[in-house]
Amino acid sequence: MRVQLTRVLWPVALAVTACAALVARGVADELVDPATLGTLFRSFSDSGHVLVQSLMGDYGTALGQAALSLHVNNEHVRIPGISALPGSQQAIDAITTASRPITNNAFQDYVKVRNEVQGEVSNPRAAVNYYLSSEIDYLAQQLGAKYNRDLRDRRLNLAVGTSYGWDEIKPLPDADTRTAAGSKTTLHGDAVATQILSPTTLLRWGLEYNIVEGLQYNPYRNVYAGGTHVPERTPDHRERRDTFLKLNQYFSNRSSLKLSYRLYNDDWGITSHELESSLNQYITHGFAVSYEYRYYTQTAASFYRDEYPTTNGIDGYLTGDYRLNDLASHLFGASTRLDMAALAPTHALWRRTGMWLNWERYFNSNNYSANILEAGVDLHFQ
């Protein structure tokens with residue numbers, strides 16, 4: 001796994017870090033007063049040698065009784081060129097069914113840049129937010145709102161949220177695709193109840209529901225069916241629903257355990273189960289470590305097949321997306337976090353600085369694996 005900043009990212013990384021321009025991974029849910037500035041670098045590589053490098057920045061500050069948070073992300077995705085010999089059947093198949101645009105030389109690496117901006121204004125009970133993500137062939141926007149209220153002497157919190165997203169997809173005109181420009185909308189709603197069971201135990205239960213309309217497949221991917229290659233096609237309508245249960249337990253040795261379960265189902269025929277756990281432990285004052293494990297399993301979409309005997313697929317639908325197949329996956333992770341204020345409380349810079357390093361290893365039953373590395377710095381200003 002390569003973990004390095006490219007020449008394109010280095011100047012941006014140095015500028016953002018030096019200026020401490022933008023902040024805190026979290027957003028307004030856990031915003032700290034006074035203002036917080038921070039940066040995060042993330043590197044992702046998978047078994048297909050795809051490399052994703054993200055440079056993120058966040059800013060958070062108080063606005064009277066409200067809070068403002070901003071998040072930006074500059075992401076570079078590098079997809080390796082076709083490795084088979086030019087003119088070979090392997091190369092032809094790889095180019096024909098590629099899930100990326102083939103605009104020039106398919107045997108050279110393809111690089112896509114994505115820029116993202118998120119903003120939220122919140123007070124103790126409500127929040128409104130806006131999201132924008134821009135790529136050369138994809139523009140996504142979303143508006144959202146949340147509201148919560150405490151009950152039973154603040155031992156119970158009830159929260160509801162909703163959002164509406166609209167995406168514009170415009171495949172590159174010189175790419176090898178027969179898919180025209182399209183759009184997608186997503187209507188989301190959720191409800192969450194959080195109960196304090198004891199001074200050291202917290203229980204959370206929630207429901208989520210989404211209605212997705214429009215183009216929901218990769219416009220560059222073709223599927224081998226009936227002895228030829230045809231464009232991928234999935235239903236334009238999808239209803240997605242899930243419920244989750246989370247338990248957080250704090251222990252007297254300054255450690256905590258988090259357990260969660262999620263059940264998901266949609267009208268494409270997919271049902272999934274997810275179990276997740278994390279253990280957090282203070283090693284010494286200002287220094288903590290965390291360990292996590294997640295197991296996930298799902299059934300296949302009703303129209304997914306390893307092979308399609310005819311070009312009509314199943315009821316007119318065909319897909320080459322392994323994520324719509326039967327799937328089981330594992331994720332292992334470890335992270336460290338250092339609060340410099342605990343080590344140097346009188347130093348002008350260090351007492352406002354926090355640093356962390358995260359590593360995750362993911363693999364699944366469809367021969368896909370990935371490594372994820374994160375490194376970040378937070379600066380707090382008074």
# chains A, B, ... in the order shown; residues from 1 in each chain; ligands from 1
>>> residues_around(residues="stretch 73-83 of chain A", least_positions_apart="4", cutoff="6 Å", atoms="only C-alpha atoms", output="PDB file with C-alpha atoms, in the first residue's frame")
ATOM      1  CA  VAL A  50      -7.104   1.940  -7.212  1.00  0.00           C
ATOM      2  CA  LEU A  51      -5.621   4.779  -5.152  1.00  0.00           C
ATOM      3  CA  VAL A  52      -7.793   7.457  -3.509  1.00  0.00           C
ATOM      4  CA  GLN A  53      -6.162  10.377  -1.714  1.00  0.00           C
ATOM      5  CA  SER A  54      -8.261  12.960   0.084  1.00  0.00           C
ATOM      6  CA  LEU A  55      -7.209  16.198   1.721  1.00  0.00           C
ATOM      7  CA  MET A  56      -9.960  17.456   4.029  1.00  0.00           C
ATOM      8  CA  ALA A 106      -7.089   2.866 -21.946  1.00  0.00           C
ATOM      9  CA  PHE A 107      -3.613   1.602 -21.051  1.00  0.00           C
ATOM     10  CA  GLN A 108      -2.763   4.758 -19.105  1.00  0.00           C
ATOM     11  CA  ASP A 109      -3.895   5.592 -15.577  1.00  0.00           C
ATOM     12  CA  TYR A 110      -7.139   7.513 -15.311  1.00  0.00           C
ATOM     13  CA  VAL A 111      -7.358  10.302 -12.711  1.00  0.00           C
ATOM     14  CA  LYS A 112     -10.583  11.900 -11.506  1.00  0.00           C
ATOM     15  CA  VAL A 113     -10.792  14.885  -9.150  1.00  0.00           C
ATOM     16  CA  ARG A 114     -13.746  15.474  -6.840  1.00  0.00           C
ATOM     17  CA  ASN A 115     -14.364  18.586  -4.749  1.00  0.00           C
ATOM     18  CA  GLU A 116     -16.832  18.585  -1.860  1.00  0.00           C
TER      19      GLU A 116
END
>>> residues_around(residues="stretch 284-286 of chain A", least_positions_apart="5", cutoff="10 Å", atoms="only C-alpha atoms", output="PDB file with C-alpha atoms, in the first residue's frame")
ATOM      1  CA  ARG A 254     -11.242   4.712  31.518  1.00  0.00           C
ATOM      2  CA  ARG A 337      -5.256   9.992  19.314  1.00  0.00           C
ATOM      3  CA  LEU A 338      -2.965  12.424  21.124  1.00  0.00           C
ATOM      4  CA  ASP A 339      -4.151  15.567  22.902  1.00  0.00           C
ATOM      5  CA  MET A 340      -1.080  17.774  23.172  1.00  0.00           C
ATOM      6  CA  ALA A 341      -2.811  20.008  25.729  1.00  0.00           C
ATOM      7  CA  ALA A 342      -2.430  17.217  28.285  1.00  0.00           C
ATOM      8  CA  LEU A 343       1.316  17.023  27.663  1.00  0.00           C
ATOM      9  CA  GLY A 354      -4.684  17.366  18.718  1.00  0.00           C
TER      10      GLY A 354
END
>>> atom_distance(atom1="atom CA of A:Leu40", atom2="atom CA of A:Lys246")
26.9 Å
>>> select_by_dssp(residues="stretch 149-353 of chain A", states="strand (DSSP E)", output="ChimeraX atom specification")
/A:149-151,156-169,182-198,201-214,222-225,228-231,237-251,255-266,271-284,287-298,327-339,353
>>> write_last_selection(atoms="C-alpha atoms", output="short mmCIF file (atom, residue, chain, number, x, y, z; two decimals), in the first residue's frame")
data_model
loop_
_atom_site.label_atom_id
_atom_site.label_comp_id
_atom_site.auth_asym_id
_atom_site.auth_seq_id
_atom_site.Cartn_x
_atom_site.Cartn_y
_atom_site.Cartn_z
CA ARG A 149 -35.97 17.32 21.92
CA ASP A 150 -35.04 16.10 25.43
CA LEU A 151 -37.62 14.35 27.61
CA LEU A 156 -34.38 10.57 26.69
CA ASN A 157 -33.71 12.40 23.43
CA LEU A 158 -35.94 12.09 20.36
CA ALA A 159 -34.59 13.30 17.01
CA VAL A 160 -35.99 13.44 13.48
CA GLY A 161 -34.28 14.40 10.26
CA THR A 162 -34.98 14.75 6.57
CA SER A 163 -33.07 15.63 3.43
CA TYR A 164 -33.58 15.97 -0.30
CA GLY A 165 -30.78 15.36 -2.76
CA TRP A 166 -30.62 15.95 -6.49
CA ASP A 167 -27.82 14.74 -8.75
CA GLU A 168 -26.94 15.48 -12.37
CA ILE A 169 -25.00 12.80 -14.28
CA GLY A 182 -29.49 11.54 -16.51
CA SER A 183 -30.49 12.63 -13.03
CA LYS A 184 -31.25 11.14 -9.63
CA THR A 185 -33.20 12.35 -6.60
CA THR A 186 -33.13 11.01 -3.04
CA LEU A 187 -35.74 11.73 -0.37
CA HIS A 188 -34.54 10.72 3.11
CA GLY A 189 -36.17 10.56 6.53
CA ASP A 190 -35.02 9.23 9.91
CA ALA A 191 -36.05 9.03 13.54
CA VAL A 192 -33.71 8.27 16.45
CA ALA A 193 -34.34 7.72 20.16
CA THR A 194 -31.43 7.96 22.61
CA GLN A 195 -31.94 6.72 26.18
CA ILE A 196 -29.56 7.16 29.12
CA LEU A 197 -29.94 3.92 31.05
CA SER A 198 -27.38 4.77 33.74
CA THR A 201 -24.72 3.26 29.76
CA LEU A 202 -26.41 4.74 26.71
CA LEU A 203 -28.83 3.03 24.29
CA ARG A 204 -29.83 4.34 20.84
CA TRP A 205 -32.43 3.03 18.40
CA GLY A 206 -33.24 4.44 14.98
CA LEU A 207 -35.13 4.04 11.72
CA GLU A 208 -34.21 5.33 8.26
CA TYR A 209 -36.15 5.42 4.99
CA ASN A 210 -35.06 6.53 1.52
CA ILE A 211 -36.80 6.82 -1.83
CA VAL A 212 -34.38 7.05 -4.77
CA GLU A 213 -35.53 7.92 -8.29
CA GLY A 214 -33.51 8.12 -11.51
CA ASN A 222 -21.26 -2.69 -19.83
CA VAL A 223 -22.35 -6.22 -18.97
CA TYR A 224 -21.55 -9.40 -20.89
CA ALA A 225 -24.93 -10.91 -21.78
CA THR A 228 -22.17 -9.63 -26.40
CA HIS A 229 -21.70 -6.49 -24.28
CA VAL A 230 -24.71 -4.34 -23.41
CA PRO A 231 -25.02 -1.26 -21.17
CA HIS A 237 -36.97 3.38 -8.47
CA ARG A 238 -35.56 2.09 -5.18
CA GLU A 239 -36.95 2.10 -1.65
CA ARG A 240 -34.34 1.60 1.06
CA ARG A 241 -35.11 1.11 4.76
CA ASP A 242 -33.09 0.12 7.78
CA THR A 243 -33.19 0.01 11.55
CA PHE A 244 -30.29 0.04 13.98
CA LEU A 245 -29.57 -0.46 17.67
CA LYS A 246 -26.46 0.88 19.44
CA LEU A 247 -25.16 0.39 22.96
CA ASN A 248 -22.37 2.47 24.53
CA GLN A 249 -20.86 1.35 27.84
CA TYR A 250 -18.22 3.19 29.87
CA PHE A 251 -15.97 1.30 32.32
CA SER A 255 -12.29 2.51 28.63
CA SER A 256 -15.53 2.23 26.69
CA LEU A 257 -17.22 -0.37 24.52
CA LYS A 258 -19.56 0.36 21.61
CA LEU A 259 -21.77 -2.32 20.05
CA SER A 260 -24.24 -1.91 17.19
CA TYR A 261 -26.48 -3.91 14.88
CA ARG A 262 -28.15 -2.76 11.65
CA LEU A 263 -30.81 -4.50 9.55
CA TYR A 264 -31.33 -3.23 5.99
CA ASN A 265 -33.81 -4.11 3.25
CA ASP A 266 -34.81 -2.68 -0.13
CA THR A 271 -31.37 -7.77 2.82
CA SER A 272 -28.29 -7.11 4.92
CA HIS A 273 -27.08 -7.52 8.49
CA GLU A 274 -24.24 -5.54 10.03
CA LEU A 275 -22.53 -6.08 13.39
CA GLU A 276 -20.00 -3.54 14.63
CA SER A 277 -17.90 -3.16 17.77
CA SER A 278 -15.22 -0.79 19.01
CA LEU A 279 -13.12 -0.64 22.16
CA ASN A 280 -11.60 2.65 23.30
CA GLN A 281 -8.96 2.92 26.01
CA TYR A 282 -7.01 5.79 27.60
CA ILE A 283 -3.38 4.71 27.90
CA THR A 284 -2.31 7.79 29.80
CA PHE A 287 -3.30 9.57 24.82
CA ALA A 288 -5.96 7.05 23.73
CA VAL A 289 -6.21 4.05 21.42
CA SER A 290 -9.21 2.43 19.72
CA TYR A 291 -9.85 -0.92 18.08
CA GLU A 292 -12.78 -1.79 15.85
CA TYR A 293 -14.29 -4.75 14.01
CA ARG A 294 -17.25 -4.87 11.63
CA TYR A 295 -18.97 -7.84 9.98
CA TYR A 296 -21.42 -7.38 7.12
CA THR A 297 -23.46 -9.82 5.04
CA GLN A 298 -26.14 -9.35 2.38
CA LEU A 327 -21.61 -10.50 -0.08
CA ALA A 328 -19.87 -10.97 3.25
CA SER A 329 -17.18 -8.61 4.47
CA HIS A 330 -14.89 -7.89 7.41
CA LEU A 331 -13.26 -4.68 8.58
CA PHE A 332 -10.52 -4.41 11.21
CA GLY A 333 -9.21 -1.09 12.45
CA ALA A 334 -6.97 0.60 14.99
CA SER A 335 -6.38 4.25 15.80
CA THR A 336 -4.46 6.47 18.18
CA ARG A 337 -5.26 9.99 19.31
CA LEU A 338 -2.97 12.42 21.12
CA ASP A 339 -4.15 15.57 22.90
CA THR A 353 -3.33 20.87 19.11
#
>>> select_by_dssp(residues="stretch 46-264 of chain A", states="helix (DSSP H, G or I)", output="PyMOL selection string")
chain A and resi 89-96
>>> write_last_selection(atoms="N, CA and C atoms", output="mmCIF file, in the first residue's frame")
data_model
loop_
_atom_site.group_PDB
_atom_site.id
_atom_site.type_symbol
_atom_site.label_atom_id
_atom_site.label_comp_id
_atom_site.auth_asym_id
_atom_site.auth_seq_id
_atom_site.Cartn_x
_atom_site.Cartn_y
_atom_site.Cartn_z
ATOM 1 N N GLN A 89 -7.833 -10.406 -26.247
ATOM 2 C CA GLN A 89 -9.218 -10.497 -25.838
ATOM 3 C C GLN A 89 -9.402 -9.988 -24.413
ATOM 4 N N GLN A 90 -8.378 -10.220 -23.548
ATOM 5 C CA GLN A 90 -8.457 -9.727 -22.176
ATOM 6 C C GLN A 90 -8.537 -8.205 -22.147
ATOM 7 N N ALA A 91 -7.754 -7.556 -23.015
ATOM 8 C CA ALA A 91 -7.775 -6.092 -23.072
ATOM 9 C C ALA A 91 -9.106 -5.591 -23.607
ATOM 10 N N ILE A 92 -9.639 -6.248 -24.621
ATOM 11 C CA ILE A 92 -10.911 -5.835 -25.202
ATOM 12 C C ILE A 92 -12.036 -5.961 -24.171
ATOM 13 N N ASP A 93 -12.056 -7.085 -23.451
ATOM 14 C CA ASP A 93 -13.078 -7.279 -22.425
ATOM 15 C C ASP A 93 -12.940 -6.255 -21.308
ATOM 16 N N ALA A 94 -11.699 -5.978 -20.910
ATOM 17 C CA ALA A 94 -11.479 -5.022 -19.817
ATOM 18 C C ALA A 94 -11.930 -3.620 -20.218
ATOM 19 N N ILE A 95 -11.673 -3.237 -21.443
ATOM 20 C CA ILE A 95 -12.070 -1.900 -21.913
ATOM 21 C C ILE A 95 -13.582 -1.822 -22.067
ATOM 22 N N THR A 96 -14.182 -2.865 -22.626
ATOM 23 C CA THR A 96 -15.621 -2.855 -22.899
ATOM 24 C C THR A 96 -16.444 -2.785 -21.623
#
>>> closest_residue(among="A:Pro219, A:Met355, A:Ala35, A:Pro101", to="A:Leu63", atoms="only C-alpha atoms")
A:Ala35
>>> atom_distance(atom1="atom CA of A:Pro124", atom2="atom CA of A:Thr39")
25.5 Å
>>> closest_residue(among="A:Asp267, A:Asp153, A:Asp58, A:Glu232", to="A:Asp321", atoms="only C-alpha atoms")
A:Glu232
>>> atom_distance(atom1="atom CA of A:Ala375", atom2="atom CA of A:Leu357")
4.6 Å
>>> residues_around(residues="A:Lys170", least_positions_apart="5", cutoff="12 Å", atoms="only C-alpha atoms", output="list in words")
Pro101, Ser134, Glu135, Ile136, Asp137, Tyr138, Leu139, Ala140, Ala175, Thr177, Arg178, Thr179, Ala180, Ala181, Gly182, Ser183, Lys184, Leu215, Asn218, Pro219 and Tyr220 of chain A
